[in-house]
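Student: Got a structure for you, final10.csv, holding CSV, N, CA and C atoms and all ligand atoms.
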```csv
chain,number,residue,atom,x,y,z
A,1,MET,N,39.0,-3.5,10.0
A,1,MET,CA,38.0,-2.5,9.6
A,1,MET,C,36.6,-2.8,10.1
A,2,THR,N,35.9,-1.9,10.6
A,2,THR,CA,34.6,-2.1,11.1
A,2,THR,C,33.6,-2.4,10.0
A,3,SER,N,32.7,-3.3,10.2
A,3,SER,CA,31.7,-3.5,9.3
A,3,SER,C,30.4,-3.9,10.0
A,4,HIS,N,29.3,-3.8,9.3
A,4,HIS,CA,28.0,-4.1,9.9
A,4,HIS,C,27.2,-5.1,9.0
A,5,GLU,N,26.4,-5.9,9.7
A,5,GLU,CA,25.5,-6.8,8.9
A,5,GLU,C,24.2,-6.1,8.6
A,6,VAL,N,23.9,-6.1,7.3
A,6,VAL,CA,22.7,-5.4,6.9
A,6,VAL,C,21.8,-6.5,6.2
A,7,THR,N,20.6,-6.7,6.7
A,7,THR,CA,19.8,-7.7,6.0
A,7,THR,C,18.7,-7.0,5.2
A,8,LEU,N,18.8,-7.3,3.9
A,8,LEU,CA,17.8,-6.7,3.0
A,8,LEU,C,16.6,-7.7,2.9
A,9,GLU,N,15.4,-7.1,3.0
A,9,GLU,CA,14.2,-7.9,3.0
A,9,GLU,C,13.2,-7.4,1.9
A,10,TRP,N,12.9,-8.3,1.0
A,10,TRP,CA,12.0,-8.1,-0.1
A,10,TRP,C,10.6,-8.5,0.4
A,11,THR,N,9.6,-7.9,-0.2
A,11,THR,CA,8.2,-8.2,0.3
A,11,THR,C,7.8,-9.6,-0.1
A,12,ASP,N,8.5,-10.2,-1.1
A,12,ASP,CA,8.1,-11.6,-1.4
A,12,ASP,C,8.7,-12.6,-0.5
A,13,GLY,N,9.4,-12.1,0.6
A,13,GLY,CA,9.9,-13.0,1.6
A,13,GLY,C,11.4,-13.3,1.4
A,14,ARG,N,12.0,-12.9,0.3
A,14,ARG,CA,13.4,-13.1,0.2
A,14,ARG,C,14.2,-12.2,1.1
A,15,THR,N,15.3,-12.7,1.6
A,15,THR,CA,16.2,-11.9,2.4
A,15,THR,C,17.7,-12.1,1.9
A,16,ARG,N,18.5,-11.2,2.2
A,16,ARG,CA,19.9,-11.3,1.9
A,16,ARG,C,20.7,-10.5,2.9
A,17,THR,N,21.6,-11.1,3.6
A,17,THR,CA,22.4,-10.4,4.6
A,17,THR,C,23.8,-10.1,4.0
A,18,LEU,N,24.1,-8.8,4.1
A,18,LEU,CA,25.4,-8.3,3.6
A,18,LEU,C,26.3,-7.9,4.7
A,19,ASP,N,27.6,-8.0,4.5
A,19,ASP,CA,28.6,-7.5,5.4
A,19,ASP,C,29.0,-6.1,4.7
A,20,VAL,N,28.7,-5.0,5.4
A,20,VAL,CA,29.0,-3.7,4.8
A,20,VAL,C,30.1,-3.0,5.6
A,21,ALA,N,31.2,-2.7,4.9
A,21,ALA,CA,32.3,-2.1,5.5
A,21,ALA,C,32.0,-0.6,5.9
A,22,GLU,N,32.7,-0.1,6.8
A,22,GLU,CA,32.4,1.2,7.4
A,22,GLU,C,32.2,2.3,6.4
A,23,ARG,N,33.0,2.4,5.4
A,23,ARG,CA,32.9,3.5,4.4
A,23,ARG,C,32.1,3.1,3.1
A,24,GLN,N,31.6,1.9,3.1
A,24,GLN,CA,30.9,1.4,1.9
A,24,GLN,C,29.5,1.7,2.0
A,25,SER,N,28.9,2.0,0.9
A,25,SER,CA,27.4,2.1,0.9
A,25,SER,C,26.7,0.8,0.8
A,26,VAL,N,25.5,0.7,1.2
A,26,VAL,CA,24.7,-0.6,1.1
A,26,VAL,C,24.7,-1.0,-0.3
A,27,LEU,N,24.5,-0.1,-1.2
A,27,LEU,CA,24.4,-0.5,-2.7
A,27,LEU,C,25.7,-1.1,-3.1
A,28,GLU,N,26.8,-0.5,-2.7
A,28,GLU,CA,28.1,-1.0,-3.1
A,28,GLU,C,28.4,-2.4,-2.6
A,29,ALA,N,28.0,-2.6,-1.3
A,29,ALA,CA,28.1,-4.0,-0.7
A,29,ALA,C,27.2,-5.0,-1.4
A,30,ALA,N,26.0,-4.6,-1.8
A,30,ALA,CA,25.1,-5.5,-2.5
A,30,ALA,C,25.7,-5.9,-3.8
A,31,GLN,N,26.2,-4.9,-4.6
A,31,GLN,CA,26.8,-5.2,-5.9
A,31,GLN,C,28.0,-6.1,-5.8
A,32,ARG,N,28.8,-5.9,-4.7
A,32,ARG,CA,30.0,-6.7,-4.6
A,32,ARG,C,29.6,-8.2,-4.5
A,33,VAL,N,28.5,-8.6,-3.9
A,33,VAL,CA,28.1,-10.0,-3.8
A,33,VAL,C,27.0,-10.4,-4.8
A,34,GLY,N,26.7,-9.5,-5.7
A,34,GLY,CA,25.8,-9.9,-6.8
A,34,GLY,C,24.3,-9.8,-6.4
A,35,ALA,N,24.0,-9.1,-5.3
A,35,ALA,CA,22.6,-8.9,-4.9
A,35,ALA,C,22.1,-7.7,-5.7
A,36,ARG,N,21.0,-7.9,-6.4
A,36,ARG,CA,20.5,-6.8,-7.3
A,36,ARG,C,19.6,-5.8,-6.6
A,37,LEU,N,20.0,-4.6,-6.6
A,37,LEU,CA,19.2,-3.5,-6.1
A,37,LEU,C,19.1,-2.4,-7.2
A,38,PRO,N,18.0,-1.8,-7.3
A,38,PRO,CA,17.9,-0.7,-8.3
A,38,PRO,C,18.7,0.5,-8.0
A,39,TYR,N,19.2,1.1,-9.0
A,39,TYR,CA,19.9,2.4,-8.8
A,39,TYR,C,19.9,3.2,-10.1
A,40,ASP,N,20.3,4.4,-10.0
A,40,ASP,CA,20.4,5.2,-11.2
A,40,ASP,C,21.6,6.2,-11.0
A,41,CYS,N,21.3,7.3,-10.2
A,41,CYS,CA,22.3,8.4,-10.1
A,41,CYS,C,23.5,8.0,-9.3
A,42,ARG,N,23.3,7.2,-8.3
A,42,ARG,CA,24.3,6.9,-7.3
A,42,ARG,C,24.8,8.1,-6.5
A,43,SER,N,24.1,9.2,-6.5
A,43,SER,CA,24.5,10.4,-5.8
A,43,SER,C,23.5,11.0,-4.9
A,44,GLY,N,22.4,10.3,-4.7
A,44,GLY,CA,21.4,10.7,-3.7
A,44,GLY,C,20.4,11.7,-4.3
A,45,THR,N,20.2,11.8,-5.6
A,45,THR,CA,19.3,12.7,-6.1
A,45,THR,C,18.0,12.1,-6.8
A,46,CYS,N,18.1,10.9,-7.2
A,46,CYS,CA,17.0,10.3,-8.0
A,46,CYS,C,16.0,9.5,-7.3
A,47,ILE,N,16.3,9.0,-6.1
A,47,ILE,CA,15.4,8.2,-5.2
A,47,ILE,C,15.2,6.7,-5.7
A,48,THR,N,15.8,6.3,-6.8
A,48,THR,CA,15.6,5.0,-7.3
A,48,THR,C,16.0,3.9,-6.3
A,49,CYS,N,17.0,4.1,-5.5
A,49,CYS,CA,17.6,3.1,-4.6
A,49,CYS,C,17.0,3.1,-3.2
A,50,VAL,N,15.9,3.8,-3.0
A,50,VAL,CA,15.4,4.0,-1.7
A,50,VAL,C,15.0,2.6,-1.0
A,51,GLY,N,15.3,2.5,0.3
A,51,GLY,CA,14.8,1.4,1.1
A,51,GLY,C,14.3,2.0,2.4
A,52,ARG,N,13.8,1.2,3.3
A,52,ARG,CA,13.2,1.7,4.5
A,52,ARG,C,13.7,0.8,5.7
A,53,LEU,N,14.2,1.6,6.7
A,53,LEU,CA,14.8,0.9,7.9
A,53,LEU,C,13.7,0.2,8.6
A,54,LEU,N,13.8,-1.1,8.9
A,54,LEU,CA,12.9,-1.9,9.6
A,54,LEU,C,13.2,-2.0,11.1
A,55,GLY,N,14.5,-2.1,11.3
A,55,GLY,CA,14.9,-2.2,12.7
A,55,GLY,C,16.4,-2.3,12.9
A,56,LEU,N,16.9,-2.0,14.0
A,56,LEU,CA,18.3,-2.2,14.4
A,56,LEU,C,18.5,-3.5,15.1
A,57,GLU,N,19.5,-4.2,14.8
A,57,GLU,CA,19.8,-5.5,15.4
A,57,GLU,C,20.6,-5.3,16.6
A,58,ASP,N,20.0,-4.7,17.6
A,58,ASP,CA,20.7,-4.4,18.9
A,58,ASP,C,20.1,-5.0,20.1
A,59,GLY,N,19.2,-6.0,19.8
A,59,GLY,CA,18.5,-6.7,20.9
A,59,GLY,C,17.3,-6.0,21.4
A,60,GLU,N,16.9,-4.9,20.8
A,60,GLU,CA,15.7,-4.2,21.2
A,60,GLU,C,14.5,-5.0,20.7
A,61,SER,N,13.4,-4.7,21.2
A,61,SER,CA,12.1,-5.4,20.8
A,61,SER,C,11.9,-5.2,19.3
A,62,ASP,N,11.4,-6.3,18.7
A,62,ASP,CA,11.0,-6.2,17.3
A,62,ASP,C,9.5,-6.0,17.1
A,63,ASP,N,8.9,-5.6,18.2
A,63,ASP,CA,7.4,-5.5,18.3
A,63,ASP,C,7.0,-4.5,17.2
A,64,GLU,N,5.9,-4.8,16.5
A,64,GLU,CA,5.4,-3.9,15.5
A,64,GLU,C,5.0,-2.6,16.2
A,65,ASP,N,4.6,-2.6,17.4
A,65,ASP,CA,4.1,-1.4,18.1
A,65,ASP,C,5.2,-0.6,18.6
A,66,ALA,N,6.4,-1.1,18.6
A,66,ALA,CA,7.5,-0.3,19.1
A,66,ALA,C,7.8,0.8,18.2
A,67,SER,N,8.3,1.9,18.7
A,67,SER,CA,8.5,3.1,17.8
A,67,SER,C,9.6,2.8,16.8
A,68,ARG,N,9.5,3.4,15.7
A,68,ARG,CA,10.5,3.1,14.6
A,68,ARG,C,11.9,3.6,15.1
A,69,PRO,N,12.9,2.8,14.8
A,69,PRO,CA,14.2,3.2,15.2
A,69,PRO,C,14.7,4.5,14.5
A,70,ASP,N,15.6,5.2,15.1
A,70,ASP,CA,16.0,6.4,14.6
A,70,ASP,C,17.0,6.2,13.4
A,71,VAL,N,16.6,6.6,12.2
A,71,VAL,CA,17.4,6.3,11.0
A,71,VAL,C,18.7,7.1,11.1
A,72,GLY,N,18.7,8.2,11.9
A,72,GLY,CA,19.9,8.9,12.0
A,72,GLY,C,21.0,8.2,12.8
A,73,ASP,N,20.6,7.2,13.6
A,73,ASP,CA,21.5,6.4,14.4
A,73,ASP,C,22.0,5.3,13.5
A,74,ALA,N,21.3,4.9,12.5
A,74,ALA,CA,21.6,3.7,11.7
A,74,ALA,C,22.5,4.0,10.5
A,75,PHE,N,22.5,5.2,10.0
A,75,PHE,CA,23.3,5.4,8.7
A,75,PHE,C,24.1,6.7,8.8
A,76,ALA,N,25.2,6.7,8.1
A,76,ALA,CA,25.9,8.0,7.8
A,76,ALA,C,25.9,8.2,6.3
A,77,TYR,N,25.6,9.4,5.9
A,77,TYR,CA,25.5,9.7,4.5
A,77,TYR,C,26.8,10.3,4.0
A,78,ARG,N,27.3,9.9,2.9
A,78,ARG,CA,28.6,10.4,2.4
A,78,ARG,C,28.3,11.8,1.7
A,79,ARG,N,27.1,12.1,1.4
A,79,ARG,CA,26.7,13.4,0.9
A,79,ARG,C,25.2,13.6,1.2
A,80,GLN,N,24.7,14.8,1.0
A,80,GLN,CA,23.4,15.1,1.4
A,80,GLN,C,22.4,14.2,0.6
A,81,PRO,N,21.4,13.6,1.2
A,81,PRO,CA,20.4,12.8,0.5
A,81,PRO,C,19.3,13.7,0.0
A,82,ARG,N,19.6,14.3,-1.1
A,82,ARG,CA,18.7,15.4,-1.6
A,82,ARG,C,17.4,14.9,-2.1
A,83,ALA,N,17.2,13.7,-2.4
A,83,ALA,CA,16.0,13.2,-3.0
A,83,ALA,C,14.9,12.9,-1.9
A,84,LEU,N,15.3,12.9,-0.6
A,84,LEU,CA,14.4,12.7,0.5
A,84,LEU,C,14.1,13.9,1.2
A,85,THR,N,12.8,14.1,1.6
A,85,THR,CA,12.4,15.2,2.5
A,85,THR,C,12.8,14.8,3.9
A,86,ASP,N,12.8,15.8,4.8
A,86,ASP,CA,13.1,15.5,6.2
A,86,ASP,C,12.1,14.6,6.8
A,87,ASP,N,10.8,14.7,6.4
A,87,ASP,CA,9.8,13.8,6.9
A,87,ASP,C,10.0,12.4,6.4
A,88,GLU,N,10.4,12.2,5.2
A,88,GLU,CA,10.7,10.9,4.7
A,88,GLU,C,11.9,10.3,5.4
A,89,ARG,N,12.9,11.1,5.7
A,89,ARG,CA,14.1,10.6,6.5
A,89,ARG,C,13.6,10.2,7.9
A,90,ASP,N,12.8,11.0,8.5
A,90,ASP,CA,12.3,10.7,9.8
A,90,ASP,C,11.4,9.4,9.8
A,91,ASP,N,10.8,9.1,8.7
A,91,ASP,CA,10.0,7.9,8.6
A,91,ASP,C,10.8,6.6,8.3
A,92,GLY,N,12.1,6.8,8.2
A,92,GLY,CA,13.0,5.6,8.0
A,92,GLY,C,13.4,5.4,6.6
A,93,TYR,N,13.1,6.2,5.7
A,93,TYR,CA,13.5,6.0,4.3
A,93,TYR,C,15.0,6.3,4.2
A,94,VAL,N,15.7,5.6,3.4
A,94,VAL,CA,17.1,5.8,3.3
A,94,VAL,C,17.6,5.5,1.8
A,95,LEU,N,18.5,6.3,1.4
A,95,LEU,CA,19.1,6.2,0.0
A,95,LEU,C,20.3,5.3,0.1
A,96,LEU,N,20.1,4.1,-0.4
A,96,LEU,CA,21.1,3.0,-0.2
A,96,LEU,C,22.4,3.3,-1.0
A,97,CYS,N,22.3,4.1,-2.0
A,97,CYS,CA,23.6,4.4,-2.8
A,97,CYS,C,24.6,5.2,-2.1
A,98,ILE,N,24.2,6.0,-1.1
A,98,ILE,CA,25.1,6.9,-0.4
A,98,ILE,C,25.1,6.7,1.1
A,99,ALA,N,24.4,5.7,1.6
A,99,ALA,CA,24.3,5.5,3.0
A,99,ALA,C,25.1,4.3,3.5
A,100,SER,N,25.9,4.5,4.5
A,100,SER,CA,26.7,3.5,5.1
A,100,SER,C,26.2,3.2,6.5
A,101,PRO,N,26.0,1.9,6.8
A,101,PRO,CA,25.4,1.6,8.1
A,101,PRO,C,26.3,1.9,9.3
A,102,GLN,N,25.7,2.3,10.4
A,102,GLN,CA,26.5,2.5,11.6
A,102,GLN,C,26.1,1.5,12.7
A,103,ALA,N,25.2,0.5,12.3
A,103,ALA,CA,24.8,-0.5,13.2
A,103,ALA,C,24.3,-1.7,12.3
A,104,ASP,N,24.2,-2.9,12.9
A,104,ASP,CA,23.6,-4.0,12.2
A,104,ASP,C,22.1,-3.6,12.1
A,105,CYS,N,21.5,-3.9,11.0
A,105,CYS,CA,20.1,-3.5,10.8
A,105,CYS,C,19.4,-4.3,9.7
A,106,ARG,N,18.1,-4.1,9.6
A,106,ARG,CA,17.3,-4.7,8.6
A,106,ARG,C,16.6,-3.6,7.7
A,107,ILE,N,16.6,-3.8,6.4
A,107,ILE,CA,16.0,-2.8,5.5
A,107,ILE,C,15.1,-3.4,4.6
A,108,GLU,N,13.9,-2.8,4.4
A,108,GLU,CA,12.9,-3.3,3.4
A,108,GLU,C,13.3,-2.7,2.1
A,109,VAL,N,13.4,-3.5,1.0
A,109,VAL,CA,13.7,-3.0,-0.3
A,109,VAL,C,12.7,-3.5,-1.3
A,110,GLY,N,12.7,-2.9,-2.5
A,110,GLY,CA,11.8,-3.4,-3.5
A,110,GLY,C,10.9,-2.3,-4.0
A,111,PRO,N,10.1,-2.6,-5.0
A,111,PRO,CA,9.2,-1.6,-5.6
A,111,PRO,C,8.2,-1.0,-4.7
A,112,ARG,N,7.7,-1.8,-3.7
A,112,ARG,CA,6.7,-1.2,-2.8
A,112,ARG,C,7.3,0.0,-2.0
A,113,VAL,N,8.5,-0.1,-1.5
A,113,VAL,CA,9.1,1.0,-0.8
A,113,VAL,C,9.3,2.2,-1.7
A,114,ARG,N,9.7,1.9,-3.0
A,114,ARG,CA,9.8,3.0,-3.9
A,114,ARG,C,8.5,3.7,-4.2
A,115,ALA,N,7.4,2.9,-4.2
A,115,ALA,CA,6.1,3.5,-4.5
A,115,ALA,C,5.6,4.3,-3.3
A,116,GLU,N,6.1,4.1,-2.1
A,116,GLU,CA,5.6,4.8,-0.9
A,116,GLU,C,6.1,6.2,-0.9
A,117,VAL,N,7.2,6.5,-1.5
A,117,VAL,CA,7.8,7.8,-1.4
A,117,VAL,C,7.5,8.5,-2.7
A,118,GLY,N,7.4,9.8,-2.7
A,118,GLY,CA,7.1,10.6,-3.9
A,118,GLY,C,8.3,10.6,-4.8
A,119,ASP,N,8.1,11.2,-6.0
A,119,ASP,CA,9.2,11.3,-6.9
A,119,ASP,C,10.2,12.3,-6.4
A,120,SER,N,11.4,12.1,-6.8
A,120,SER,CA,12.5,13.1,-6.5
A,120,SER,C,12.2,14.4,-7.1
A,121,PRO,N,12.4,15.5,-6.4
A,121,PRO,CA,12.3,16.8,-7.0
A,121,PRO,C,13.4,17.1,-8.0
A,122,TRP,N,14.4,16.3,-8.0
A,122,TRP,CA,15.6,16.6,-8.9
A,122,TRP,C,15.6,15.7,-10.1
A,123,ALA,N,14.7,14.7,-10.1
A,123,ALA,CA,14.7,13.7,-11.2
A,123,ALA,C,14.1,14.3,-12.5
A,201,LIG,S1,20.6,5.8,-7.1
A,201,LIG,FE1,19.8,7.8,-7.2
A,201,LIG,S2,19.4,8.4,-5.1
A,201,LIG,FE2,20.4,6.4,-5.0
```
Show the structure stored in the file as structure tokens.
Tutor:
Amino acid sequence: MTSHEVTLEWTDGRTRTLDVAERQSVLEAAQRVGARLPYDCRSGTCITCVGRLLGLEDGESDDEDASRPDVGDAFAYRRQPRALTDDERDDGYVLLCIASPQADCRIEVGPRVRAEVGDSPWA
């Protein structure tokens, strides 16, 4: 079965790399190994689990000036991520409860990411 390595990065410097199976969400993989991520609805409507794509681990430049990787290339959603606007998705925000990685990648997680996005219209 295909899987991808996803590295979670907290703003305090902690990191945790997960092996995420093809049909597994990042949240499910984190819970499987005891990595604590916030969640509530688990269905893409509340925004509690939001993270932000930092980069794809494909050998491309990690330069801060490089354009942000296309989040559409990095994740497949098992259902519509209703809590995010199109602009938020374009900016790299991703709902980890319903997103399965399509490539090895790094994701910023934690309260700062949650504070950057607005409240869910469905919460
Ligand atoms: S836990 Fe609610 S959107 Fe992910």
Student: Based on DSSP run over this structure's backbone, return all residues of region 12-100 of chain A in strand (DSSP E or B), as JSON, numbers by chain.
Tutor: {"A": [15, 16, 17, 18, 19, 20, 21, 50, 51, 52, 53, 54, 55, 56, 75, 76, 77, 93, 94, 95, 99, 100]}
Student: So what do you get for atom N of Ala83 (chain A) versus CA of Thr2 (chain A), distance-wise?
Tutor: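 The value is 27.1 Å.
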Student: Sorted by chain and rising residue number, list the residues of chain A at most 6 Å from ligand LIG 201 (chain A) (counting only C-alpha atoms and all ligand atoms), each with its closest atom pair and distance in Å to one decimal, as CSV.
Tutor:
```
residue,atom,partner,partner_atom,distance
A:Tyr39,CA,A:LIG201,S1,3.9
A:Asp40,CA,A:LIG201,S1,4.1
A:Cys41,CA,A:LIG201,FE1,3.9
A:Arg42,CA,A:LIG201,S1,3.9
A:Ser43,CA,A:LIG201,S2,5.5
A:Gly44,CA,A:LIG201,S2,3.4
A:Thr45,CA,A:LIG201,S2,4.4
A:Cys46,CA,A:LIG201,FE1,3.8
A:Ile47,CA,A:LIG201,S2,4.0
A:Thr48,CA,A:LIG201,FE1,5.0
A:Cys49,CA,A:LIG201,FE2,4.3
A:Leu95,CA,A:LIG201,FE2,5.2
A:Leu96,CA,A:LIG201,FE2,5.9
A:Cys97,CA,A:LIG201,FE2,4.4
```
Student: Mind giving me the straight-line distance from atom N of Ala99 (chain A) to atom N of Val26 (chain A) in Å, one decimal?
Tutor: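 Atom-to-atom, atom N of Ala99 (chain A) to atom N of Val26 (chain A), that is 5.1 Å.
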Student: To one decimal place in Å, what is the distance between atom N of Leu54 (chain A) and CA of Asp86 (chain A)?
Tutor: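 Going from atom N of Leu54 (chain A) over to CA of Asp86 (chain A) covers 16.8 Å.
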